[in-house]
Structures are given as structure tokens and as C-alpha cells.
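Okay, structure first, notes after.
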There are 2 protein chains.
Amino acid sequence: MSLNRVPNREDLENIADRLNGVVHRTPVLTSETLNRISGATLFFKCENFQKVGAFKFRGASNALLSLSEEERSKGIATHSSGNHGQAVALAARTAGVPAYIVVPESAPEIKKKAIAGYGASITYCAPTLIARETTLEAVVADTGATFVHAYDNYDVIGGQATAAKELIEDSPKLDIIMAPVGGGGLLGGTALVTKYYSEGTTVIAAEPSGADDAYRSLKAGKIIPSVNPNTLADGLLTSLGTRNFPILQELVAEILLVNDDEMIAAMRLIWERMKIIVEPSCAIPLAAVLKHPDQFAGKKVGIILSGGNVDLEKLPF
Amino acid sequence: MSLNRVPNREDLENIADRLNGVVHRTPVLTSETLNRISGATLFFKCENFQKVGAFKFRGASNALLSLSEEERSKGIATHSSGNHGQAVALAARTAGVPAYIVVPESAPEIKKKAIAGYGASITYCAPTLIARETTLEAVVADTGATFVHAYDNYDVIGGQATAAKELIEDSPKLDIIMAPVGGGGLLGGTALVTKYYSEGTTVIAAEPSGADDAYRSLKAGKIIPSVNPNTLADGLLTSLGTRNFPILQELVAEILLVNDDEMIAAMRLIWERMKIIVEPSCAIPLAAVLKHPDQFAGKKVGIILSGGNVDLEKLPF
């Protein structure tokens, strides 16, 4: 049954059971070189190796599997130009139900192809939030499918939480857990799981300074929407969700900002030293660690690498 | 003690014990997408995650650790423009002994820096094999260091063998094990380990058609040197070693050739679908699998991904 409250410990336990065997249990990698450079001991949870190449598959799968049989048979719908659309499409295909994805015409061809490749039914719309929402409403009215928001949804938050849960299980006791923040789905889930399964561990987020709405929202004590964000971290452009914000307020100690040059340098370090492919958004937490060595020196730090979907034709270096 | 014969089962056991804790036990990764594309079930042994980013660290470490205390104290020497030089340098630094590397002036700056970064003493020479060998002889005469050839050396062959040994231990029983072939260090070690630890498993090599000296050598029954090789697989330009060739003759079932376009397409597939960074040489076995689907369909195939050292400024796509 879909959740209508912040997931508690029992919910998180049920979600982990539900996703067991559905999502990849991704590896936790370490790097002696990055430990030496940072002065910290880093544990990287590799969601770039997750199905569809990003943690988003966890939340989409949990949302789908939380539906009743009847709801599920009508399928799920969302609007997305990126990883969430692919995640919803693959989760639906895996369960053998329809997926309806509203995609802005302006989305990159490569993402349109990926969504179509998972067998989803695509409806194109103008590249505005209003057009996305009204088109989605029409699709939902027409099909009876259930809308699964990319992050402002308790089942999605609970699904994303399983990445940090595995990280906690597969690492020594961590002093700090870090995740990037866009809408707050991954960060919210990470914070909840840390509260219940790793008491005493501090949750720190990292955000691009060119899209610092979460940073400003936490300072202001209310959601300040993202307006004209300017960053290459295309996974982190969205504003915080209303379900996500209170979780972050209660459980996230701090949000650190990094600029795009720092992000790209950290991304390149991960590529060159760890030999794994991560997308720009994914490198933000490491960039924050490298920017504030005194804060992290000697600490055991878990970092969620959120995804690895980059266009190899358009690398920032 | 350094080996003066082809490593037998007991030697391979001793070498694995010796390298335990010295080299990374790299993960074996799988990819549902690549299984679907190839029709085979593939097990990738990720030596791109090995120290210095390539399997070469295994052979260099074993060669060093096989020396007597007295030999070891005088250090080790080699000539190399690539991964082997870095491997010898790091193995020596780890053991606290000197490394002397003869490097052609023409080697890429990035590789010179990496070798120097591991604290090795570098001597530059003209970019010919003769210059490399005569310069090395002078360095050895001067320092008393022991020369460790990149592949034509039983301790190096035995060290490289540990990659396939771990692959066999960490996978279900494999029908086929594949490795790329350059000088025959990795392939020779792989073939020996397969003989002793995975009876009935076929060893198949893959080689660039622009540097097909191993293919031609096996056909001819004698070593045919590589002359003017033409391929982007810069790790596979060398000719077979005299110690390597007889092992390959006895134990390698077949060498499959792939051209550079096929290699680069396979490299890109690995980057995009597995989200890991591999160098061009490393993609040759997968390219061969994709080129000959009938030969591999339904088979369990172990593939040694040999390394991940690429210049991100000069990608072939």
C-alpha cells in the first residue's frame, strides 16, 4: 500500500525486503588515492551501477510495487526529461505493466531513446513545468495510471533510502554520510535511514552553488523555489518537494555548496583514479569534501554516488 | 626465489599467497544488458581497478617479491613507456626499494609524470628498442638492480596469472576464459591457471587485426615479430616473448582478431552500459564475443578487463 506518511523504521524495513532482488545491491568502493588526497576514509556507494544507471530505479520500483494489484494493472505515469523517466519505464516493464512518460520535446535524443527503449509510451509536451503537469494530468485521466512524482512522494523517498541502508550495512560505522540534493528524494531517504540505522552519524548534503535553493531554503526555514538555476549538474536543478523539506529540516546537519569548476575537478578525479563513470551531479559530495579538508580529515565518510548517465560526446573536460 | 621454469600448480599457489594483501582482489562484475546483447553470460574481472590501473601491478610485484633480500635491496629496473613502468615503480615504492625506469623521450607526459609520481628514478632514451635495451643495460650495470621484463619473465607471468585465478574462484564454472594478447604475459598466466584450476575451460585470446603477430605466430608455429603495428590498442603492440610463446602454443585454443572500429564500439559499450572506464586494449575480448555470437551464445565467458589508463583528453569517441 502506498505510504501517506514519512517512512518509519518498520516501513524502511519492509521497503528493503520488497526491493531485495529487484534492484542491484551495488558495491561500496574505496580508493587509497582519494583517501590520501582528502585525508578522510571514503566509502563510495556506487549507484552509477544501479539499473538505468542511477539510484532513481529504487524509488520508482518501490512506488510501483506499493500499488494495489488493480492500480498496478493500469500502469504508472510521470513527467521527466531524465533518469526518473527511465527508472519508471524500466520498473513498469519489469513488472509487466504500462508506463506513460511525458517528455519535454527539448529533452536530449539520447534520453528519449532510452525511455522508448524500455517500452514506455511517450507523450511529448512543451518544455515548461506547466505543460508537463497539464499534459500529465490528461494522460492520467485518459489511462487511469498512477502518477509517481520524481521525489515528492513517500514511496519514492523510502525507495531511495535503501541505497544508504546498504551503504551502512556494508561499511564500518560512518562518522558522516553525504548525498547530493536536488528535489530531496535521495537526501531525504538517506537522512531517514541514517536516523534509524546509524545513530550518531551526521548527514551532510552537497549542492551546486548555481542551484542553491535547498541551501537557502534550510537557512530561511521555508521552501525557496529554484529560479533560473545555472549549473552543469543537470540532475540537481529542481526545487525541494513539500514532503522532502521537513525531513531535511529535521535530519540534515548542513548543506555545503560547490561551484561547477570544483564539481568537474572532482568528477575527473573519480574517473581517473577510481576508473568509474559518474555524472557531474554525482561528484558534488566529493567536491565538498575536498573543499573543506579540515571538516572531514580523519573521518569515515560514506558518499552516495548517485548516477553515471553522461553523454560521452559532451564531456566537460 | 625467482622462477627459471614455467610456473606449475605449486608455484601458482605460492604466488597467490605472496600477493595476497599486496594486490587488490578486484571485483568480478556482470551486466544484464551486455548479456542480452551478446547472448552469452559474461563475467568481467576488473583489473582496471587494480593498483596503477592495470593487471601489470601483479606481475611486477611478484617479480620483486621473488628476489632475495640482497637482490631486492639493490632495486629493480625496466624499460617501459606505459603501465609496466608504473607497476614496477609502485611495487618498488611499496617494498621500500629503488626503481629505475628507462623511458623513451617520446612517451606521453602523463605517463612520465605517473612514473615519476611513484618515486622512480627515470632515465630517458631515444624511442627505439635498441636504445631502450642499451640504456637499460647501462642502468643495470651502474646500479646492480634486477631487470624485470614486462612479460618475458616467469615471475611476471605467474603474477599476472593471479587475476584469472581470482576470476575462477569468484565465478561459476566458466566455459571460456578470454584475455587480450600483446607480449603474452597476461594470456600466458591466464592459460596456466586455467589448466590447473578450471579443467575443461577453453582459453581464447583476442588481438587487434592491426597487430596480429600472436595470431600469425600460432599459425606459423614460431614467433613472428610485430612489425609496424597499426592499432589504437597501445597496450598490445609488442611481440610475443620466448617464454610466453610455448605456453600459448600448448594452452590457448584460438586467437580471434578484431579491428579498431570493433574495439572502440566495444569499449564504448562497456563505458555506457557498465559505467566503468577501460582502455582500448581492454575491450578487445568483448569485441571478439560480439563479432562471433554463434561461438559464444549460451556460454559462461570470463573476460579479463586488463586496464583503465586512458587519456581523457584523447578519447576515440
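Following the order of the C-alpha cells, first chain is A, next is B, and so on, with residues numbered from 1 inside each chain and ligands from 1 in the order they appear.
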
What's the 9 Å shell around Lys291 in chain A, counting only C-alpha atoms, without same-chain residues fewer than 5 positions away, as an MDAnalysis selection string? chainID A and resid 258 262 286

Just-selected residues, N, CA and C atoms written as a short mmCIF file (atom, residue, chain, number, x, y, z; two decimals), in the first residue's frame:
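Output (out-v6.cif):
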data_model
loop_
_atom_site.label_atom_id
_atom_site.label_comp_id
_atom_site.auth_asym_id
_atom_site.auth_seq_id
_atom_site.Cartn_x
_atom_site.Cartn_y
_atom_site.Cartn_z
N VAL A 258 29.25 23.87 -3.72
CA VAL A 258 30.46 23.84 -4.55
C VAL A 258 30.13 24.40 -5.92
N GLU A 262 34.76 23.17 -9.30
CA GLU A 262 35.11 22.21 -8.24
C GLU A 262 34.43 20.85 -8.50
N LEU A 286 31.98 14.67 -3.17
CA LEU A 286 33.44 14.59 -3.10
C LEU A 286 34.05 15.99 -3.24
#

Taking 6 positions as the minimum chain separation for residues in the same chain, which residues sit within 12 Å of Lys314 in chain A when counting only C-alpha atoms? Answer as a list in words.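 My reading of the contact set: Pro108, Ile110, Leu232, Glu279 and Pro280 of chain A; Glu313, Leu315 and Phe317 of chain B.
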
Given the selection you just returned, output its residues as a file containing N, CA and C atoms, formatted as a PDB file, in the first residue's frame.
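again_1.pdb, written as the output of this step:
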ATOM      1  N   PRO A 108      17.142  15.680 -24.516  1.00  0.00           N
ATOM      2  CA  PRO A 108      18.149  15.120 -25.416  1.00  0.00           C
ATOM      3  C   PRO A 108      17.646  13.837 -26.088  1.00  0.00           C
ATOM      4  N   ILE A 110      19.120  11.213 -26.766  1.00  0.00           N
ATOM      5  CA  ILE A 110      19.636  10.007 -26.119  1.00  0.00           C
ATOM      6  C   ILE A 110      18.714   9.560 -24.977  1.00  0.00           C
ATOM      7  N   LEU A 232      26.089  22.831 -14.479  1.00  0.00           N
ATOM      8  CA  LEU A 232      26.162  21.648 -15.343  1.00  0.00           C
ATOM      9  C   LEU A 232      25.591  20.409 -14.657  1.00  0.00           C
ATOM     10  N   GLU A 279      28.214  10.908 -13.304  1.00  0.00           N
ATOM     11  CA  GLU A 279      27.751  12.139 -13.927  1.00  0.00           C
ATOM     12  C   GLU A 279      28.125  13.331 -13.052  1.00  0.00           C
ATOM     13  N   PRO A 280      28.071  14.538 -13.615  1.00  0.00           N
ATOM     14  CA  PRO A 280      28.539  15.705 -12.863  1.00  0.00           C
ATOM     15  C   PRO A 280      27.869  15.838 -11.488  1.00  0.00           C
TER      16      PRO A 280
ATOM     17  N   GLU B 313      41.591  13.350 -22.396  1.00  0.00           N
ATOM     18  CA  GLU B 313      41.591  14.418 -23.414  1.00  0.00           C
ATOM     19  C   GLU B 313      41.587  13.840 -24.824  1.00  0.00           C
ATOM     20  N   LEU B 315      39.939  10.798 -26.188  1.00  0.00           N
ATOM     21  CA  LEU B 315      39.088   9.633 -26.314  1.00  0.00           C
ATOM     22  C   LEU B 315      38.792   9.343 -27.785  1.00  0.00           C
ATOM     23  N   PHE B 317      36.118   8.495 -29.100  1.00  0.00           N
ATOM     24  CA  PHE B 317      34.735   8.745 -29.479  1.00  0.00           C
ATOM     25  C   PHE B 317      34.290  10.074 -28.900  1.00  0.00           C
TER      26      PHE B 317
END

What residues in chain B lie within 7 Å of chain A, counting only C-alpha atoms, written as a PyMOL selection string? chain B and resi 48-49+274-277+308+313+317

Okay, now the selection with C-alpha atoms, as a PDB file, in the first residue's frame?
ATOM      1  CA  ASN B  48      41.102  -1.587 -14.430  1.00  0.00           C
ATOM      2  CA  PHE B  49      40.517  -1.233 -10.666  1.00  0.00           C
ATOM      3  CA  MET B 274      28.806  -0.848 -17.204  1.00  0.00           C
ATOM      4  CA  LYS B 275      29.808   2.721 -16.216  1.00  0.00           C
ATOM      5  CA  ILE B 276      33.440   1.755 -15.867  1.00  0.00           C
ATOM      6  CA  ILE B 277      36.498   3.133 -17.601  1.00  0.00           C
ATOM      7  CA  GLY B 308      41.745   1.534 -17.412  1.00  0.00           C
ATOM      8  CA  GLU B 313      41.591  14.418 -23.414  1.00  0.00           C
ATOM      9  CA  PHE B 317      34.735   8.745 -29.479  1.00  0.00           C
TER      10      PHE B 317
END

Could you tell me, as a PDB file with N, CA and C atoms, in the first residue's frame, which residues of range 3-113 of chain B DSSP assigns to strand (DSSP E) when given the backbone?
ATOM      1  N   VAL B  28      34.526  -8.974  -9.687  1.00  0.00           N
ATOM      2  CA  VAL B  28      34.019  -9.552 -10.936  1.00  0.00           C
ATOM      3  C   VAL B  28      32.632  -8.953 -11.161  1.00  0.00           C
ATOM      4  N   LEU B  29      32.463  -8.188 -12.218  1.00  0.00           N
ATOM      5  CA  LEU B  29      31.182  -7.532 -12.484  1.00  0.00           C
ATOM      6  C   LEU B  29      30.434  -8.251 -13.609  1.00  0.00           C
ATOM      7  N   THR B  41      26.743 -15.335 -21.104  1.00  0.00           N
ATOM      8  CA  THR B  41      26.743 -14.833 -19.725  1.00  0.00           C
ATOM      9  C   THR B  41      28.178 -14.456 -19.401  1.00  0.00           C
ATOM     10  N   LEU B  42      28.398 -13.157 -19.227  1.00  0.00           N
ATOM     11  CA  LEU B  42      29.763 -12.629 -19.162  1.00  0.00           C
ATOM     12  C   LEU B  42      30.153 -12.280 -17.723  1.00  0.00           C
ATOM     13  N   PHE B  43      31.383 -12.621 -17.356  1.00  0.00           N
ATOM     14  CA  PHE B  43      31.936 -12.300 -16.033  1.00  0.00           C
ATOM     15  C   PHE B  43      33.209 -11.497 -16.262  1.00  0.00           C
ATOM     16  N   PHE B  44      33.154 -10.210 -15.875  1.00  0.00           N
ATOM     17  CA  PHE B  44      34.264  -9.306 -16.166  1.00  0.00           C
ATOM     18  C   PHE B  44      35.155  -9.143 -14.936  1.00  0.00           C
ATOM     19  N   LYS B  45      36.405  -9.540 -15.063  1.00  0.00           N
ATOM     20  CA  LYS B  45      37.378  -9.382 -13.979  1.00  0.00           C
ATOM     21  C   LYS B  45      38.026  -8.003 -14.142  1.00  0.00           C
ATOM     22  N   CYS B  46      37.766  -7.123 -13.194  1.00  0.00           N
ATOM     23  CA  CYS B  46      38.041  -5.687 -13.379  1.00  0.00           C
ATOM     24  C   CYS B  46      39.431  -5.269 -12.943  1.00  0.00           C
ATOM     25  N   ILE B  76      64.911  -2.672  -8.596  1.00  0.00           N
ATOM     26  CA  ILE B  76      64.550  -3.301  -9.858  1.00  0.00           C
ATOM     27  C   ILE B  76      64.523  -2.249 -10.964  1.00  0.00           C
ATOM     28  N   ALA B  77      64.729  -2.728 -12.183  1.00  0.00           N
ATOM     29  CA  ALA B  77      64.828  -1.830 -13.332  1.00  0.00           C
ATOM     30  C   ALA B  77      64.024  -2.396 -14.492  1.00  0.00           C
ATOM     31  N   THR B  78      63.542  -1.511 -15.330  1.00  0.00           N
ATOM     32  CA  THR B  78      62.894  -1.965 -16.564  1.00  0.00           C
ATOM     33  C   THR B  78      62.879  -0.830 -17.569  1.00  0.00           C
ATOM     34  N   HIS B  79      62.501  -1.162 -18.802  1.00  0.00           N
ATOM     35  CA  HIS B  79      62.200  -0.110 -19.770  1.00  0.00           C
ATOM     36  C   HIS B  79      60.730  -0.214 -20.126  1.00  0.00           C
ATOM     37  N   ALA B  99      63.581   1.949  -7.755  1.00  0.00           N
ATOM     38  CA  ALA B  99      63.155   1.509  -9.090  1.00  0.00           C
ATOM     39  C   ALA B  99      63.832   2.411 -10.115  1.00  0.00           C
ATOM     40  N   TYR B 100      64.335   1.812 -11.168  1.00  0.00           N
ATOM     41  CA  TYR B 100      64.997   2.551 -12.246  1.00  0.00           C
ATOM     42  C   TYR B 100      64.257   2.258 -13.544  1.00  0.00           C
ATOM     43  N   ILE B 101      63.641   3.283 -14.108  1.00  0.00           N
ATOM     44  CA  ILE B 101      62.830   3.053 -15.295  1.00  0.00           C
ATOM     45  C   ILE B 101      63.422   3.816 -16.474  1.00  0.00           C
ATOM     46  N   VAL B 102      63.698   3.084 -17.542  1.00  0.00           N
ATOM     47  CA  VAL B 102      64.143   3.707 -18.791  1.00  0.00           C
ATOM     48  C   VAL B 102      62.898   4.017 -19.618  1.00  0.00           C
ATOM     49  N   VAL B 103      62.742   5.299 -19.953  1.00  0.00           N
ATOM     50  CA  VAL B 103      61.525   5.762 -20.612  1.00  0.00           C
ATOM     51  C   VAL B 103      61.890   6.453 -21.927  1.00  0.00           C
ATOM     52  N   PRO B 104      61.278   6.056 -23.039  1.00  0.00           N
ATOM     53  CA  PRO B 104      61.538   6.761 -24.295  1.00  0.00           C
ATOM     54  C   PRO B 104      61.092   8.228 -24.177  1.00  0.00           C
TER      55      PRO B 104
END
